[in-house]
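Raw my_file.cif, mmCIF, C-alpha atoms (C1' of nucleotides); chains and numbers go by the auth columns:
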```cif
data_query
#
loop_
_atom_site.group_PDB
_atom_site.id
_atom_site.type_symbol
_atom_site.label_atom_id
_atom_site.label_comp_id
_atom_site.label_asym_id
_atom_site.label_seq_id
_atom_site.Cartn_x
_atom_site.Cartn_y
_atom_site.Cartn_z
_atom_site.B_iso_or_equiv
_atom_site.auth_seq_id
_atom_site.auth_asym_id
ATOM 1 C CA MET A 1 66.800 78.943 71.139 0.00 37 L
ATOM 2 C CA GLU A 2 65.965 76.936 68.112 0.00 38 L
ATOM 3 C CA PRO A 3 66.332 73.204 68.402 0.00 39 L
ATOM 4 C CA GLY A 4 68.018 73.280 65.014 0.00 40 L
ATOM 5 C CA LYS A 5 71.271 74.247 66.662 0.00 41 L
ATOM 6 C CA ASP A 6 71.385 71.235 68.895 0.00 42 L
ATOM 7 C CA GLN A 7 70.379 68.983 66.061 0.00 43 L
ATOM 8 C CA LYS A 8 73.180 70.396 63.949 0.00 44 L
ATOM 9 C CA ILE A 9 75.652 69.691 66.712 0.00 45 L
ATOM 10 C CA TRP A 10 74.394 66.157 67.114 0.00 46 L
ATOM 11 C CA GLN A 11 74.716 65.646 63.394 0.00 47 L
ATOM 12 C CA VAL A 12 78.308 66.806 63.473 0.00 48 L
ATOM 13 C CA VAL A 13 79.117 64.592 66.427 0.00 49 L
ATOM 14 C CA MET A 14 77.586 61.623 64.668 0.00 50 L
ATOM 15 C CA ALA A 15 79.873 62.353 61.737 0.00 51 L
ATOM 16 C CA ILE A 16 82.912 61.495 63.833 0.00 52 L
ATOM 17 C CA PRO A 17 84.290 58.149 62.668 0.00 53 L
ATOM 18 C CA ALA A 18 84.389 55.299 65.142 0.00 54 L
ATOM 19 C CA GLY A 19 87.737 54.918 66.823 0.00 55 L
ATOM 20 C CA LYS A 20 88.446 58.637 66.527 0.00 56 L
ATOM 21 C CA VAL A 21 87.683 61.605 68.751 0.00 57 L
ATOM 22 C CA ALA A 22 87.154 65.334 68.229 0.00 58 L
ATOM 23 C CA SER A 23 87.537 68.335 70.487 0.00 59 L
ATOM 24 C CA TYR A 24 84.743 70.703 71.446 0.00 60 L
ATOM 25 C CA GLY A 25 86.356 73.444 69.425 0.00 61 L
ATOM 26 C CA GLN A 26 86.463 71.231 66.359 0.00 62 L
ATOM 27 C CA VAL A 27 82.811 70.308 66.736 0.00 63 L
ATOM 28 C CA ALA A 28 81.862 73.942 67.258 0.00 64 L
ATOM 29 C CA GLU A 29 83.645 74.972 64.108 0.00 65 L
ATOM 30 C CA MET A 30 82.169 72.155 62.072 0.00 66 L
ATOM 31 C CA ALA A 31 78.702 73.002 63.312 0.00 67 L
ATOM 32 C CA GLY A 32 79.233 76.579 62.212 0.00 68 L
ATOM 33 C CA LEU A 33 79.187 77.881 65.756 0.00 69 L
ATOM 34 C CA GLY A 34 82.662 79.359 65.584 0.00 70 L
ATOM 35 C CA ARG A 35 84.022 79.848 69.077 0.00 71 L
ATOM 36 C CA GLN A 36 80.958 78.640 70.878 0.00 72 L
ATOM 37 C CA ALA A 37 82.738 75.577 72.160 0.00 73 L
ATOM 38 C CA ARG A 38 80.807 75.809 75.418 0.00 74 L
ATOM 39 C CA TYR A 39 77.527 75.395 73.630 0.00 75 L
ATOM 40 C CA ILE A 40 78.583 71.909 72.564 0.00 76 L
ATOM 41 C CA GLY A 41 78.575 70.605 76.091 0.00 77 L
ATOM 42 C CA ARG A 42 75.274 72.305 76.709 0.00 78 L
ATOM 43 C CA ALA A 43 73.732 70.693 73.651 0.00 79 L
ATOM 44 C CA LEU A 44 75.086 67.295 74.600 0.00 80 L
ATOM 45 C CA GLY A 45 73.582 67.748 78.028 0.00 81 L
ATOM 46 C CA LYS A 46 70.205 68.143 76.370 0.00 82 L
ATOM 47 C CA LEU A 47 70.507 64.816 74.654 0.00 83 L
ATOM 48 C CA PRO A 48 67.202 62.955 74.984 0.00 84 L
ATOM 49 C CA GLN A 49 66.986 59.277 75.717 0.00 85 L
ATOM 50 C CA GLY A 50 67.265 56.903 72.811 0.00 86 L
ATOM 51 C CA HIS A 51 69.564 59.154 70.831 0.00 87 L
ATOM 52 C CA ALA A 52 72.352 57.744 68.680 0.00 88 L
ATOM 53 C CA VAL A 53 74.867 60.518 69.289 0.00 89 L
ATOM 54 C CA PRO A 54 78.390 59.343 70.190 0.00 90 L
ATOM 55 C CA TRP A 55 78.918 62.105 72.720 0.00 91 L
ATOM 56 C CA TYR A 56 81.781 60.119 74.214 0.00 92 L
ATOM 57 C CA ARG A 57 83.910 60.867 71.143 0.00 93 L
ATOM 58 C CA VAL A 58 83.939 64.546 72.096 0.00 94 L
ATOM 59 C CA ILE A 59 86.831 65.530 74.333 0.00 95 L
ATOM 60 C CA ARG A 60 88.771 68.650 75.298 0.00 96 L
ATOM 61 C CA SER A 61 91.254 70.387 73.054 0.00 97 L
ATOM 62 C CA ASN A 62 94.104 69.040 75.157 0.00 98 L
ATOM 63 C CA GLY A 63 92.906 65.489 74.588 0.00 99 L
ATOM 64 C CA GLN A 64 91.562 65.054 78.085 0.00 100 L
ATOM 65 C CA ILE A 65 88.187 63.745 79.168 0.00 101 L
ATOM 66 C CA ALA A 66 85.792 66.543 80.074 0.00 102 L
ATOM 67 C CA PHE A 67 84.645 64.874 83.288 0.00 103 L
ATOM 68 C CA PRO A 68 86.296 64.408 86.659 0.00 104 L
ATOM 69 C CA GLU A 69 88.228 61.186 86.802 0.00 105 L
ATOM 70 C CA GLY A 70 86.397 58.432 88.612 0.00 106 L
ATOM 71 C CA SER A 71 82.886 59.747 88.064 0.00 107 L
ATOM 72 C CA GLU A 72 80.217 57.493 86.614 0.00 108 L
ATOM 73 C CA ILE A 73 79.911 59.428 83.419 0.00 109 L
ATOM 74 C CA TYR A 74 83.653 59.406 83.049 0.00 110 L
ATOM 75 C CA GLN A 75 83.899 55.654 83.340 0.00 111 L
ATOM 76 C CA GLU A 76 81.131 55.204 80.832 0.00 112 L
ATOM 77 C CA GLN A 77 82.890 57.424 78.328 0.00 113 L
ATOM 78 C CA VAL A 78 86.197 55.636 78.761 0.00 114 L
ATOM 79 C CA GLY A 79 84.498 52.267 78.473 0.00 115 L
ATOM 80 C CA ARG A 80 82.795 53.219 75.211 0.00 116 L
ATOM 81 C CA LEU A 81 85.998 54.661 73.771 0.00 117 L
ATOM 82 C CA GLU A 82 88.037 51.603 74.633 0.00 118 L
ATOM 83 C CA ALA A 83 85.321 49.458 73.095 0.00 119 L
ATOM 84 C CA GLU A 84 86.059 51.255 69.820 0.00 120 L
ATOM 85 C CA GLY A 85 89.798 50.834 70.115 0.00 121 L
ATOM 86 C CA VAL A 86 90.592 54.249 71.574 0.00 122 L
ATOM 87 C CA GLU A 87 93.174 53.949 74.294 0.00 123 L
ATOM 88 C CA VAL A 88 92.595 56.135 77.333 0.00 124 L
ATOM 89 C CA VAL A 89 95.422 56.625 79.802 0.00 125 L
ATOM 90 C CA ASN A 90 95.167 58.728 82.947 0.00 126 L
ATOM 91 C CA GLY A 91 92.057 60.503 81.733 0.00 127 L
ATOM 92 C CA ARG A 92 93.656 61.293 78.437 0.00 128 L
ATOM 93 C CA VAL A 93 93.147 59.902 74.954 0.00 129 L
ATOM 94 C CA ALA A 94 96.335 58.205 73.855 0.00 130 L
ATOM 95 C CA MET A 95 95.300 58.122 70.242 0.00 131 L
ATOM 96 C CA ARG A 96 95.646 61.053 67.860 0.00 132 L
ATOM 97 C CA ARG A 97 92.616 63.232 67.615 0.00 133 L
ATOM 98 C CA PHE A 98 90.579 63.154 64.505 0.00 134 L
ATOM 99 C CA ARG A 99 91.484 65.957 62.111 0.00 135 L
ATOM 100 C CA TRP A 100 89.051 67.306 59.611 0.00 136 L
ATOM 101 C CA GLN A 101 90.515 69.604 57.057 0.00 137 L
ATOM 102 C "C1'" DG B 1 67.053 94.150 83.597 0.00 167 E
ATOM 103 C "C1'" DT B 2 71.946 92.335 85.802 0.00 168 E
ATOM 104 C "C1'" DG B 3 75.306 88.945 87.307 0.00 169 E
ATOM 105 C "C1'" DA B 4 77.000 84.192 87.715 0.00 170 E
ATOM 106 C "C1'" DT B 5 77.812 79.757 85.491 0.00 171 E
ATOM 107 C "C1'" DG B 6 79.608 76.401 82.307 0.00 172 E
ATOM 108 C "C1'" DA B 7 80.956 68.609 79.377 0.00 173 E
ATOM 109 C "C1'" DC B 8 85.683 75.104 76.455 0.00 174 E
ATOM 110 C "C1'" DA B 9 89.944 77.356 74.137 0.00 175 E
ATOM 111 C "C1'" DG B 10 94.152 79.645 74.161 0.00 176 E
ATOM 112 C "C1'" DG B 11 97.865 82.242 75.844 0.00 177 E
ATOM 113 C "C1'" DG B 12 101.074 83.630 79.584 0.00 178 E
ATOM 114 C "C1'" DA B 13 103.799 82.974 83.924 0.00 179 E
ATOM 115 C "C1'" DA C 1 104.120 69.850 83.412 0.00 234 K
ATOM 116 C "C1'" DT C 2 100.687 73.172 86.346 0.00 235 K
ATOM 117 C "C1'" DC C 3 98.014 77.269 87.638 0.00 236 K
ATOM 118 C "C1'" DC C 4 95.814 81.572 86.366 0.00 237 K
ATOM 119 C "C1'" DC C 5 93.457 84.759 83.456 0.00 238 K
ATOM 120 C "C1'" DT C 6 90.802 86.346 79.389 0.00 239 K
ATOM 121 C "C1'" DG C 7 87.482 85.748 75.590 0.00 240 K
ATOM 122 C "C1'" DC C 8 82.939 83.857 73.882 0.00 241 K
ATOM 123 C "C1'" DC C 9 78.178 83.307 74.331 0.00 242 K
ATOM 124 C "C1'" DA C 10 73.804 80.775 75.649 0.00 243 K
ATOM 125 C "C1'" DT C 11 71.400 79.698 79.865 0.00 244 K
ATOM 126 C "C1'" DC C 12 69.807 80.378 84.561 0.00 245 K
ATOM 127 C "C1'" DA C 13 68.827 82.662 89.183 0.00 246 K
#
```

Please go through the file and, once you have read it, give me the structure as structure tokens.
Amino acid sequence: MEPGKDQKIWQVVMAIPAGKVASYGQVAEMAGLGRQARYIGRALGKLPQGHAVPWYRVIRSNGQIAFPEGSEIYQEQVGRLEAEGVEVVNGRVAMRRFRWQ
DNA sequence: GTGATGACAGGGA
DNA sequence: ATCCCTGCCATCA
């Protein structure tokens, strides 16, 4: 696979405004991947150290965190979101998702 | 080469 | 609200 794909995804994710979140499907569409929502998570998993990609702003289509509640990664994501003013309740984002159009 | 897996989405029961 | 199933497609064993 070409690294351009991942880079494109990262670029899209970085385009998400602070205090807002986007679903995997939204990111996939914006990145021109169509229905390849699964590839988003894969690309984010490849994130190298020192990156500036706000992966924590990417959530599921139903507004829920993509990680099991209570896990380390989960707590980190929630912490970062709350630091930006995004309220997370019961593993779910209480704020409206960011809409592109 | 095949078959299973996955940081998903969407629809149906 | 939950659980289950199907579709999509790159990656891995």

Radius query 12 Å about (84.4, 57.6, 79.7), atoms used: only C-alpha atoms (C1' of nucleotides), as a short mmCIF file (atom, residue, chain, number, x, y, z; two decimals) with C-alpha atoms (C1' of nucleotides), in the coordinates of the input:
```
data_model
loop_
_atom_site.label_atom_id
_atom_site.label_comp_id
_atom_site.auth_asym_id
_atom_site.auth_seq_id
_atom_site.Cartn_x
_atom_site.Cartn_y
_atom_site.Cartn_z
CA PRO L 90 78.39 59.34 70.19
CA TRP L 91 78.92 62.10 72.72
CA TYR L 92 81.78 60.12 74.21
CA ARG L 93 83.91 60.87 71.14
CA VAL L 94 83.94 64.55 72.10
CA ILE L 95 86.83 65.53 74.33
CA GLN L 100 91.56 65.05 78.08
CA ILE L 101 88.19 63.74 79.17
CA ALA L 102 85.79 66.54 80.07
CA PHE L 103 84.64 64.87 83.29
CA PRO L 104 86.30 64.41 86.66
CA GLU L 105 88.23 61.19 86.80
CA GLY L 106 86.40 58.43 88.61
CA SER L 107 82.89 59.75 88.06
CA GLU L 108 80.22 57.49 86.61
CA ILE L 109 79.91 59.43 83.42
CA TYR L 110 83.65 59.41 83.05
CA GLN L 111 83.90 55.65 83.34
CA GLU L 112 81.13 55.20 80.83
CA GLN L 113 82.89 57.42 78.33
CA VAL L 114 86.20 55.64 78.76
CA GLY L 115 84.50 52.27 78.47
CA ARG L 116 82.80 53.22 75.21
CA LEU L 117 86.00 54.66 73.77
CA GLU L 118 88.04 51.60 74.63
CA ALA L 119 85.32 49.46 73.10
CA GLU L 120 86.06 51.26 69.82
CA VAL L 122 90.59 54.25 71.57
CA GLU L 123 93.17 53.95 74.29
CA VAL L 124 92.60 56.14 77.33
CA VAL L 125 95.42 56.62 79.80
CA ASN L 126 95.17 58.73 82.95
CA GLY L 127 92.06 60.50 81.73
CA ARG L 128 93.66 61.29 78.44
CA VAL L 129 93.15 59.90 74.95
"C1'" DA E 173 80.96 68.61 79.38
#
```

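Every residue that the PyMOL selection byres ((chain L) within 7 of (chain K)) selects in this file is listed here: Arg71, Gln72 and Tyr75 of chain L.
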
| query | Looking at all atoms listed in the file, which of L:Val49, L:Ile76, L:Val89, L:Met66 is the one that sits closest to chain E? | reply | L:Ile76

Kindly provide the residues of chain E that approach chain L to within 12 Å, each paired with its closest atom pair and their distance in Å to one decimal, based on all atoms listed in the file, listed by chain and increasing number, as a Markdown table.
```
| residue | atom | partner | partner_atom | distance |
| --- | --- | --- | --- | --- |
| E:DT171 | C1' | L:Arg74 | CA | 11.2 |
| E:DG172 | C1' | L:Arg74 | CA | 7.0 |
| E:DA173 | C1' | L:Gly77 | CA | 4.5 |
| E:DC174 | C1' | L:Arg74 | CA | 5.0 |
| E:DA175 | C1' | L:Gly61 | CA | 7.1 |
| E:DG176 | C1' | L:Ser97 | CA | 9.8 |
```

| request: Provide the atom CA of L:Val48 to atom C1' of E:DG177 distance in Å, to one decimal place. | output: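 Value for the atom CA of L:Val48-atom C1' of E:DG177 distance: 27.8 Å.
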
| In terms of the shortest atom-to-atom distance over all atoms listed in the file, which of L:Met50, L:Ile45, L:Phe134, L:Gly40 is closest to L:Glu65? | L:Ile45
